[in-house]
There are 4 protein chains.
Amino acid sequence: MSKNIERIAVLTSGGDAPGMNAAIRSVVRSGIYFGKQMFGISQGYQGMINNEITPLNSKSVSNIVQRGGTILKTARCMAFKTPEGRKTAYENLKHHKIDALIVIGGDGTFTGAEIFSREYNMPVIGIPGTIDNDLFGTDFTIGFDTANNTVIEAIDKIRDTAASHDRLFFVEVMGRDAGHIALWSAIGGGAEAVLIPEKETHIDDLVEKLMVDLKNQKTSSIVIVAEGDHGGGAFKIAEKVKERFNYDTKVSILGHLQRGGSPTSFDRVLASRLGQAAVEGILKGKNRKMVGIISNRIEFTDLTLAIKNQIEVDESLIDLVNILAI
Amino acid sequence: MSKNIERIAVLTSGGDAPGMNAAIRSVVRSGIYFGKQMFGISQGYQGMINNEITPLNSKSVSNIVQRGGTILKTARCMAFKTPEGRKTAYENLKHHKIDALIVIGGDGTFTGAEIFSREYNMPVIGIPGTIDNDLFGTDFTIGFDTANNTVIEAIDKIRDTAASHDRLFFVEVMGRDAGHIALWSAIGGGAEAVLIPEKETHIDDLVEKLMVDLKNQKTSSIVIVAEGDHGGGAFKIAEKVKERFNYDTKVSILGHLQRGGSPTSFDRVLASRLGQAAVEGILKGKNRKMVGIISNRIEFTDLTLAIKNQIEVDESLIDLVNILAI
Amino acid sequence: MSKNIERIAVLTSGGDAPGMNAAIRSVVRSGIYFGKQMFGISQGYQGMINNEITPLNSKSVSNIVQRGGTILKTARCMAFKTPEGRKTAYENLKHHKIDALIVIGGDGTFTGAEIFSREYNMPVIGIPGTIDNDLFGTDFTIGFDTANNTVIEAIDKIRDTAASHDRLFFVEVMGRDAGHIALWSAIGGGAEAVLIPEKETHIDDLVEKLMVDLKNQKTSSIVIVAEGDHGGGAFKIAEKVKERFNYDTKVSILGHLQRGGSPTSFDRVLASRLGQAAVEGILKGKNRKMVGIISNRIEFTDLTLAIKNQIEVDESLIDLVNILAI
Amino acid sequence: MSKNIERIAVLTSGGDAPGMNAAIRSVVRSGIYFGKQMFGISQGYQGMINNEITPLNSKSVSNIVQRGGTILKTARCMAFKTPEGRKTAYENLKHHKIDALIVIGGDGTFTGAEIFSREYNMPVIGIPGTIDNDLFGTDFTIGFDTANNTVIEAIDKIRDTAASHDRLFFVEVMGRDAGHIALWSAIGGGAEAVLIPEKETHIDDLVEKLMVDLKNQKTSSIVIVAEGDHGGGAFKIAEKVKERFNYDTKVSILGHLQRGGSPTSFDRVLASRLGQAAVEGILKGKNRKMVGIISNRIEFTDLTLAIKNQIEVDESLIDLVNILAI
């Protein structure tokens with residue numbers, strides 16, 4: 001292990017995701033386990049610029065493994081995109097004698113970390129923390145599983161009332177650019193159809209499918225709509241369907257509740273494993289890598305690769321939605 | 001007990017509510033316990049008109065106490081508002097030799113039952129099954145508690161992400177005419193403000209309150225909006241607030257998921273007690289009454305009173321929201 | 001309102017109950033709302049003796065309405081049963097110029113408060129916080145509803161596997177002296193039988209009931225056992241049943257998980273209302289009273305009455321279990 | 001695709017696992033999608049011998065994706081271990097003109113399927129359905145994720161009360177031969193220690209660890225015990241610890257509730273994917289294979305390999321528990 005790294009700082013950045021706290025806890029305790037001094041940076045890169053850097057000990061992270069959100073808070077930071085911002089940030093790290101950085105977030109977070117690490121020769125490891133599951137180099141990102149469970153619990157409730165009446169429900173879920181949550185929750189929720197940004201939306205096809213269902217005496221239907229779908233969100237699509245088709249339609253916009261909640265077992269274990277591996281990796285000299293889990297084993301991927309090679313939506317899952325909805 | 005009542009039918013009508021299945025189960029098993037023959041009518045009054053009436057035994061209602069929705073399904077029925085519709089309904093009951101009727105629903109359901117009972121001298125007892133909690137003669141209606149829990153679970157998730165960012169969240173909950181769910185979930189959810197149909201909405205007051213919070217370094221705020229609020233729903237109010245106040249606002253429209261879900265302990269026990277009491281009441285000769293629970297004791301109230309004297313919103317609860325939000 | 005009370009302290013004592021934090025939050029914010037200075041005492045009466053008394057402001061209680069346990073911690077305290085202990089406690093209160101005391105707990109907590117208040121002329125109000133629901137003067141105690149929901153969620157899961165196999169399950173729930181949780185969860189969980197401390201346990205009757213079920217092709221059965229049942233707990237009863245009856249039996253001992261968990265809507269609203277009412281009551285000169293809710297209205301009861309007149313188990317609920325299990 | 005396979009039967013066998021219904025639904029609908037006739041066998045191999053074989057259509061499996069347990073029920077079957085039993089079973093399949101078999105279960109289920117397939121030249125595919133996660137050839141088995149979530153929800157509740165008092169809690173979880181659930185839930189639940197069948201249990205080491213915690217003012221501790229641990233279960237270990245160490249200890253035996261509950265998103269999607277892949281596999285001529293998912297891709301493994309090469313417990317996870325508990 002590298003002898004030079006004695007003080008490690010951790011931050012969360014970008015959109016928050018359930019399991020970030022479990023990752024922070026694991027980073028901090030793993031660092032302490034290996035005899036290092038650990039620091040937390042508040043508000044992501046903004047806190048690095050504002051010098052919001054404080055030491056963390058084992059107790060600082062007790063009783064948080066089950067908490068949603070992030071105790072370090074997170075923010076989007078424009079200043080870190082400027083050389084001046086990064087310079088100030090570096091000086092603050094230097095002032096605290098921070099030798100290495102662990103950043104928890106998504107592609108925006110990693111892009112900033114990559115540039116910063118090269119500019120100032122600061123070792124950095126990224127931990128994939130985003131509900132969107134859109135990073136290459138890991139089977140899953142932290143928060144995706146919890147978000148999926150939040151969505152299917154909502155769908156399960158809607159199905160109860162759907163089965164008691166004869167109705168068509170549209171449920172809008174998160175995913176501005178990526179349809180992963182929509183697709184997984186459509187399968188897990190037993191939805192009749194799913195609309196995602198990666199696919200063109202044909203209202204006519206949707207209406208036709210719903211008409212066939214009705215003819216086959218399916219008395220209720222649930223359609224999942226990713227917020228970034230080209231049809232323009234659940235309310236607009238519901239209106240368009242109504243124009244062609246006389247059906248009692250109802251809309252739920254789940255919104256930001258999908259970012260919250262106590263993390264699932266899967267996200268907690270994933271976050272705990274990645275936190276420990278990030279610390280071990282950085283102590284072994286790894287740099288500008290994202291740590292991920294592939295087939296239950298820890299793998300490191302270049303940050304540049306993790307960002308560029310976004311996971312494409314799995315066509316077989318789209319087919320599966322259609323098969324299961326017959 | 002009355003010797004004349006041998007065959008009792010049960011139906012659910014109006015909007016569905018979690019706990020209706022627990023009530024059906026209790027009605028059926030209590031009837032069987034007292035040696036009666038029990039029948040279920042599908043789709044509410046519509047099924048009475050369409051002659052969808054089938055015998056139910058103990059097994060028909062096994063494994064449903066925990067299920068949301070209603071196994072008897074529910075529908076709104078225009079035909080039952082006509083004398084012809086009710087005549088057909090009565091003939092179908094007569095055909096099955098039904099001696100008495102137990103109806104589970106809200107004010108619309110009870111209005112129909114009241115008229116029908118007078119017209120055809122049919123003994124009827126109402127069980128209050130509605131998430132709106134807007135009936136007189138019972139401390140709680142079946143489904144209200146489950147709906148409240150669904151809403152506060154959503155708010156808890158939103159608070160996680162709210163506490164990680166600095167944001168203002170609007171959550172729209174059910175309640176076209178009544179603010180009970182909004183009020184209870186504002187208290188239970190720790191919201192900063194609540195907007196309900198029973199009170200005029202003053203956007204300026206809301207903005208002022210939010211500005212004070214911001215000055216006091218409350219870094220995030222949650223506002224609950226009942227769908228029937230005069231401000232026009234969460235999206236419109238969020239826009240109006242944004243006009244006056246530069247804040248990152250987010251909106252969730254919970255929608256029909258509030259009608260579903262496995263009923264809570266409270267709703268299951270309430271429904272089970274009311275189901276039994278309805279059967280005992282009708283066998284003891286009670287008629288055109290709603291069965292309710294007041295301070296843990298069974299009470300019967302005239303259907304006409306139950307409907308007309310809607311529970312007014314408790315002013316002390318509105319005050320409590322304001323006190324707790326300081 | 002009394003002009004003399006300016007500084008109010010709050011504590012939690014005895015077994016913890018979900019909703020205690022919501023009550024603390026409401027006490028503190030209501031006090032601040034009325035312009036008073038608020039203090040928290042850690043570890044119940046033990047902390048009063050140890051002088052663990054600190055000021056609380058509005059932020060001290062933010063983001064806790066949804067948390068199980070109690071941020072003030074709780075302990076059982078032998079020293080407070082001695083005059084010396086209470087004298088030290090009083091001197092500490094005097095040192096902090098505390099004018100009045102709000103105690104959250106059950107009968108033990110109230111007994112101590114009653115004696116202390118008389119000895120030192122200290123105004124005191126009790127808030128009923130105990131999962132056992134065994135106090136007179138309130139329809140419900142804080143925590144009872146959450147505990148019931150925890151138990152029925154466990155039973156729901158057991159029923160899934162029970163329905164897939166042919167088996168007999170014994171679930172042991174809390175209740176050393178009181179069968180309220182057992183009784184409510186037996187009704188809400190759809191159990192076949194319930195054994196509680198308030199009733200003698202006849203294994204032969206239980207076996208007979210289970211044999212009838214088996215003959216009627218009920219393929220699985222769940223029996224709820226209160227820990228204080230005279231039969232000696234779920235394991236012993238399961239063994240005795242097995243001796244008489246060849247059935248594949250399984251046992252779950254839920255244990256202390258019944259004291260935890262995020263409080264339900266009902267417990268949060270109850271706790272919030274009682275917290276506010278306790279503060280208003282004490283400012284209006286009430287003393288040595290427990291604040292409760294009866295039929296949705298606030299009521300005050302003498303502490304001595306609240307303790308002595310334990311809610312007796314409702315015989316009609318025992319009958320209801322038997323009716324619903326046919 | 002094979003032209004010969006027109007009629008496919010599916011069964012569940014062994015211990016039930018959440019997600020089995022989602023797998024059944026996917027098998028049935030995928031088969032129908034490919035134009036095949038689908039059949040369900042009740043009670044596992046016992047139903048095959050008893051000729052409990054019925055056709056299933058799309059509606060037969062509607063509204064079950066979210067249900068725990070298995071609608072086909074499951075049983076352990078001694079008769080299928082005999083040549084006579086299997087002969088009867090085969091004749092029943094032949095009578096219904098079943099061309100291929102899909103079995104959902106664990107190692108016992110697959111062992112029977114392997115022998116039967118060879119004896120009667122019956123194409124068979126296995127789907128890994130067991131909460132134990134002890135099969136080779138898949139990253140996860142159906143039900144493991146749900147069981148883990150059930151356990152950590154229980155631990156979260158216990159932690160609430162643990163943090164309010166100073167106590168030591170022992171939680172016994174499932175795992176007669178495998179410590180996977182114990183290990184995952186110890187990490188996800190933030191436990192101080194874990195005892196599993198794969199490792200010798202040294203009470204002295206455990207006591208020493210707990211004493212160090214106490215000295216470091218960790219005021220509460222949770223220890224996870226797999227039921228198959230050599231120390232003899234949570235009650236016995238709690239007693240042994242008490243002998244050496246004066247601590248207020250409490251025990252929860254979670255029991256069979258770990259087999260139930262609505263399956264998680266992860267288990268529903270896993271089950272849905274494996275169900276479809278099993279049907280596609282058998283139609284493409286695969287035989288005596290288990291279908292699994294490795295790094296998000298479908299993989300087939302010989303049944304004999306899947307059984308023999310049980311997943312060994314991952315030593316790095318044991319280390320992780322210790323690191324996180326400092």
# chains A, B, ... in the order shown; residues from 1 in each chain; ligands from 1

$ closest_atom_pairs --of "chain D" --to "chain C" --cutoff "9 Å" --atoms "only C-alpha atoms" --output "CSV"
residue,atom,partner,partner_atom,distance
D:Gly15,CA,C:His165,CA,8.6
D:Asp16,CA,C:Thr161,CA,6.6
D:Ala17,CA,C:Thr161,CA,8.1
D:Pro18,CA,C:Asp160,CA,8.7
D:Gln43,CA,C:Ser164,CA,8.4
D:Arg67,CA,C:Asp160,CA,8.0
D:Gly68,CA,C:Asp160,CA,5.5
D:Gly69,CA,C:Asp160,CA,4.8
D:Thr70,CA,C:Ser164,CA,5.9
D:Ile71,CA,C:Ser164,CA,7.2
D:Leu72,CA,C:Ser164,CA,7.8
D:Lys73,CA,C:Ser164,CA,4.5
D:Thr74,CA,C:Ser164,CA,5.9
D:Ala75,CA,C:His165,CA,6.4
D:Glu153,CA,C:Gly261,CA,8.4
D:Ala154,CA,C:Leu257,CA,6.0
D:Ile155,CA,C:Leu257,CA,7.3
D:Asp156,CA,C:Gly261,CA,7.0
D:Lys157,CA,C:Gly260,CA,4.2
D:Ile158,CA,C:Leu257,CA,4.5
D:Arg159,CA,C:Gly260,CA,7.4
D:Asp160,CA,C:Gly69,CA,4.8
D:Thr161,CA,C:Gly69,CA,5.2
D:Ala162,CA,C:Gly69,CA,8.2
D:Ala163,CA,C:Gly69,CA,7.2
D:Ser164,CA,C:Lys73,CA,4.5
D:His165,CA,C:Thr74,CA,6.2
D:Asp166,CA,C:Ala75,CA,8.6
D:Phe169,CA,C:His256,CA,8.6
D:Lys250,CA,C:His256,CA,7.3
D:Val251,CA,C:Gly255,CA,6.4
D:Ser252,CA,C:Gly255,CA,4.8
D:Ile253,CA,C:Ile253,CA,4.9
D:Leu254,CA,C:Ser252,CA,5.4
D:Gly255,CA,C:Ser252,CA,4.8
D:His256,CA,C:Ile158,CA,6.0
D:Leu257,CA,C:Ile158,CA,4.5
D:Gln258,CA,C:Lys157,CA,7.4
D:Arg259,CA,C:Thr161,CA,6.1
D:Gly260,CA,C:Lys157,CA,4.2
D:Gly261,CA,C:Lys157,CA,4.4
D:Ser262,CA,C:Lys157,CA,7.8

$ residues_around --residues "D:Asn246" --least-positions-apart "6" --cutoff "12 Å" --atoms "only C-alpha atoms" --output "JSON list (two decimals) with C-alpha atoms, in the first residue's frame"
[["chain", "number", "residue", "atom", "x", "y", "z"],
["D", 166, "ASP", "CA", -28.06, 0.42, 26.32],
["D", 167, "ARG", "CA", -28.52, -3.10, 25.18],
["D", 168, "LEU", "CA", -27.24, -6.11, 23.29],
["D", 207, "VAL", "CA", -17.42, -11.36, 24.13],
["D", 210, "LEU", "CA", -18.45, -6.63, 22.65],
["D", 211, "MET", "CA", -16.35, -5.55, 25.64],
["D", 214, "LEU", "CA", -18.57, -1.07, 25.46],
["D", 238, "ALA", "CA", -27.21, -15.05, 24.25],
["D", 239, "GLU", "CA", -27.05, -17.22, 27.37],
["D", 240, "LYS", "CA", -23.38, -18.04, 26.88]]

$ residues_around --residues "D:Asp213" --least-positions-apart "2" --cutoff "12 Å" --atoms "only C-alpha atoms" --output "NGL selection string"
(:A and (58-59)) or (:D and (166-168 or 192-193 or 206-211 or 215-222 or 325-326))

$ write_last_selection --atoms "N, CA and C atoms" --output "compact mmCIF listing (two decimals), in the first residue's frame"
# COMPACT_ATOMS: atom_id res chain seq x y z
N SER A 58 -15.27 7.43 13.55
CA SER A 58 -16.19 6.30 13.43
C SER A 58 -17.60 6.67 13.89
N LYS A 59 -17.68 7.47 14.95
CA LYS A 59 -19.00 7.85 15.46
C LYS A 59 -19.73 8.83 14.53
N ASP D 166 -29.40 0.99 26.47
CA ASP D 166 -28.06 0.42 26.32
C ASP D 166 -28.18 -1.09 26.36
N ARG D 167 -28.17 -1.69 25.20
CA ARG D 167 -28.52 -3.10 25.18
C ARG D 167 -27.80 -3.87 24.09
N LEU D 168 -27.83 -5.19 24.25
CA LEU D 168 -27.24 -6.11 23.29
C LEU D 168 -28.36 -6.98 22.70
N GLU D 192 -22.85 -5.47 14.62
CA GLU D 192 -21.51 -5.48 15.21
C GLU D 192 -20.79 -6.80 14.95
N ALA D 193 -21.56 -7.87 14.78
CA ALA D 193 -20.94 -9.17 14.56
C ALA D 193 -21.94 -10.11 13.89
N LEU D 206 -16.25 -13.23 20.54
CA LEU D 206 -17.43 -12.37 20.47
C LEU D 206 -17.52 -11.50 21.72
N VAL D 207 -17.34 -12.11 22.87
CA VAL D 207 -17.42 -11.36 24.13
C VAL D 207 -16.35 -10.27 24.17
N GLU D 208 -15.15 -10.63 23.72
CA GLU D 208 -14.05 -9.66 23.71
C GLU D 208 -14.41 -8.46 22.84
N LYS D 209 -14.91 -8.74 21.66
CA LYS D 209 -15.32 -7.67 20.73
C LYS D 209 -16.39 -6.77 21.38
N LEU D 210 -17.37 -7.40 22.03
CA LEU D 210 -18.45 -6.63 22.65
C LEU D 210 -17.92 -5.78 23.81
N MET D 211 -16.94 -6.31 24.52
CA MET D 211 -16.35 -5.55 25.64
C MET D 211 -15.59 -4.33 25.12
N LYS D 215 -16.30 -0.41 25.96
CA LYS D 215 -15.26 0.51 26.44
C LYS D 215 -15.22 1.75 25.54
N ASN D 216 -15.47 1.54 24.24
CA ASN D 216 -15.49 2.67 23.30
C ASN D 216 -16.82 3.42 23.31
N GLN D 217 -17.66 3.08 24.31
CA GLN D 217 -18.95 3.76 24.49
C GLN D 217 -19.92 3.56 23.34
N LYS D 218 -19.75 2.46 22.61
CA LYS D 218 -20.88 2.02 21.78
C LYS D 218 -21.93 1.58 22.76
N THR D 219 -23.04 2.23 22.78
CA THR D 219 -24.00 1.95 23.85
C THR D 219 -24.97 0.83 23.49
N SER D 220 -24.95 0.38 22.25
CA SER D 220 -25.82 -0.74 21.91
C SER D 220 -25.19 -1.55 20.80
N SER D 221 -25.54 -2.83 20.73
CA SER D 221 -24.93 -3.72 19.76
C SER D 221 -25.95 -4.72 19.23
N ILE D 222 -25.82 -5.05 17.94
CA ILE D 222 -26.68 -6.05 17.34
C ILE D 222 -25.79 -7.15 16.76
N ALA D 325 -17.70 -2.51 11.58
CA ALA D 325 -18.13 -2.50 12.98
C ALA D 325 -17.12 -1.83 13.90
N ILE D 326 -16.07 -1.25 13.32
CA ILE D 326 -15.09 -0.61 14.23
C ILE D 326 -15.70 0.66 14.79

$ closest_residue --among "C:Phe170, C:Val212, C:Lys36, C:Glu299" --to "C:Asp248" --atoms "only C-alpha atoms"
C:Phe170

$ residues_around --residues "D:Gln276" --least-positions-apart "2" --cutoff "12 Å" --atoms "only C-alpha atoms" --output "VMD selection string"
(chain A and resid 187 316 to 317 319 to 324) or (chain D and resid 22 to 34 102 125 127 269 to 274 278 to 283 291 to 292 298)

$ write_last_selection --atoms "N, CA and C atoms" --output "CSV table (one decimal), in the first residue's frame"
chain,number,residue,atom,x,y,z
A,187,ILE,N,-41.5,-3.9,-15.7
A,187,ILE,CA,-41.4,-5.4,-15.5
A,187,ILE,C,-41.8,-5.8,-14.1
A,316,SER,N,-33.7,-6.5,-24.7
A,316,SER,CA,-34.4,-7.7,-24.3
A,316,SER,C,-35.4,-7.4,-23.2
A,317,LEU,N,-35.1,-6.3,-22.4
A,317,LEU,CA,-36.1,-5.9,-21.3
A,317,LEU,C,-37.3,-5.3,-21.9
A,319,ASP,N,-38.5,-6.0,-24.9
A,319,ASP,CA,-39.3,-7.2,-25.4
A,319,ASP,C,-40.0,-7.9,-24.2
A,320,LEU,N,-39.4,-8.0,-23.1
A,320,LEU,CA,-39.9,-8.7,-21.9
A,320,LEU,C,-41.2,-8.0,-21.4
A,321,VAL,N,-41.2,-6.7,-21.4
A,321,VAL,CA,-42.4,-5.9,-21.0
A,321,VAL,C,-43.6,-6.3,-21.9
A,322,ASN,N,-43.3,-6.4,-23.2
A,322,ASN,CA,-44.4,-6.7,-24.2
A,322,ASN,C,-44.9,-8.2,-24.0
A,323,ILE,N,-43.9,-9.1,-23.8
A,323,ILE,CA,-44.3,-10.5,-23.6
A,323,ILE,C,-45.2,-10.7,-22.3
A,324,LEU,N,-44.7,-10.0,-21.3
A,324,LEU,CA,-45.4,-10.2,-20.0
A,324,LEU,C,-46.8,-9.5,-20.0
D,22,ALA,N,-43.8,-14.5,-9.6
D,22,ALA,CA,-43.4,-13.7,-10.8
D,22,ALA,C,-42.7,-14.6,-11.8
D,23,ALA,N,-42.0,-15.6,-11.3
D,23,ALA,CA,-41.4,-16.6,-12.3
D,23,ALA,C,-42.5,-17.4,-13.0
D,24,ILE,N,-43.5,-17.9,-12.2
D,24,ILE,CA,-44.6,-18.7,-12.8
D,24,ILE,C,-45.3,-17.8,-13.9
D,25,ARG,N,-45.6,-16.6,-13.6
D,25,ARG,CA,-46.3,-15.7,-14.5
D,25,ARG,C,-45.4,-15.5,-15.8
D,26,SER,N,-44.1,-15.4,-15.6
D,26,SER,CA,-43.3,-15.1,-16.8
D,26,SER,C,-43.2,-16.4,-17.6
D,27,VAL,N,-43.1,-17.5,-17.0
D,27,VAL,CA,-43.0,-18.8,-17.8
D,27,VAL,C,-44.3,-19.0,-18.6
D,28,VAL,N,-45.4,-18.8,-17.9
D,28,VAL,CA,-46.7,-19.0,-18.6
D,28,VAL,C,-46.9,-18.0,-19.7
D,29,ARG,N,-46.7,-16.7,-19.5
D,29,ARG,CA,-47.0,-15.8,-20.5
D,29,ARG,C,-45.9,-15.9,-21.7
D,30,SER,N,-44.7,-16.2,-21.3
D,30,SER,CA,-43.7,-16.4,-22.4
D,30,SER,C,-44.1,-17.6,-23.3
D,31,GLY,N,-44.5,-18.7,-22.6
D,31,GLY,CA,-44.9,-19.8,-23.4
D,31,GLY,C,-46.1,-19.5,-24.3
D,32,ILE,N,-47.1,-18.8,-23.8
D,32,ILE,CA,-48.2,-18.4,-24.6
D,32,ILE,C,-47.8,-17.5,-25.8
D,33,TYR,N,-46.9,-16.6,-25.4
D,33,TYR,CA,-46.3,-15.7,-26.5
D,33,TYR,C,-45.7,-16.5,-27.6
D,34,PHE,N,-45.1,-17.6,-27.3
D,34,PHE,CA,-44.5,-18.4,-28.3
D,34,PHE,C,-45.4,-19.4,-28.9
D,102,ILE,N,-40.6,-27.2,-16.6
D,102,ILE,CA,-39.8,-26.1,-16.0
D,102,ILE,C,-40.0,-26.2,-14.5
D,125,ILE,N,-35.8,-27.6,-17.6
D,125,ILE,CA,-35.0,-26.4,-17.3
D,125,ILE,C,-35.3,-26.1,-15.8
D,127,ILE,N,-35.2,-23.2,-12.7
D,127,ILE,CA,-35.1,-21.8,-12.4
D,127,ILE,C,-34.7,-21.7,-10.9
D,269,VAL,N,-37.9,-8.7,-11.2
D,269,VAL,CA,-37.2,-8.6,-12.5
D,269,VAL,C,-36.4,-9.8,-12.8
D,270,LEU,N,-35.7,-10.3,-11.7
D,270,LEU,CA,-34.9,-11.5,-11.9
D,270,LEU,C,-35.8,-12.7,-12.3
D,271,ALA,N,-36.9,-12.8,-11.6
D,271,ALA,CA,-37.8,-13.9,-11.8
D,271,ALA,C,-38.5,-13.8,-13.2
D,272,SER,N,-38.8,-12.6,-13.6
D,272,SER,CA,-39.4,-12.4,-14.9
D,272,SER,C,-38.4,-12.7,-16.0
D,273,ARG,N,-37.2,-12.3,-15.8
D,273,ARG,CA,-36.2,-12.6,-16.9
D,273,ARG,C,-35.9,-14.1,-17.0
D,274,LEU,N,-35.7,-14.7,-15.8
D,274,LEU,CA,-35.4,-16.1,-15.8
D,274,LEU,C,-36.6,-17.0,-16.4
D,278,ALA,N,-36.1,-19.3,-19.5
D,278,ALA,CA,-36.3,-20.8,-19.4
D,278,ALA,C,-37.1,-21.3,-20.5
D,279,VAL,N,-38.2,-20.6,-20.9
D,279,VAL,CA,-39.0,-21.0,-22.0
D,279,VAL,C,-38.3,-20.9,-23.3
D,280,GLU,N,-37.6,-19.8,-23.5
D,280,GLU,CA,-36.8,-19.7,-24.8
D,280,GLU,C,-35.7,-20.8,-24.8
D,281,GLY,N,-35.1,-21.1,-23.7
D,281,GLY,CA,-34.1,-22.1,-23.7
D,281,GLY,C,-34.6,-23.5,-24.0
D,282,ILE,N,-35.7,-23.8,-23.4
D,282,ILE,CA,-36.3,-25.2,-23.6
D,282,ILE,C,-36.7,-25.3,-25.1
D,283,LEU,N,-37.2,-24.2,-25.7
D,283,LEU,CA,-37.7,-24.3,-27.0
D,283,LEU,C,-36.5,-24.3,-28.0
D,291,VAL,N,-31.1,-22.0,-15.6
D,291,VAL,CA,-31.0,-20.6,-16.2
D,291,VAL,C,-30.6,-19.7,-15.0
D,292,GLY,N,-29.6,-18.9,-15.3
D,292,GLY,CA,-29.2,-17.9,-14.3
D,292,GLY,C,-28.9,-16.6,-14.9
D,298,ILE,N,-28.1,-13.4,-19.3
D,298,ILE,CA,-28.7,-14.8,-19.1
D,298,ILE,C,-27.6,-15.8,-19.4
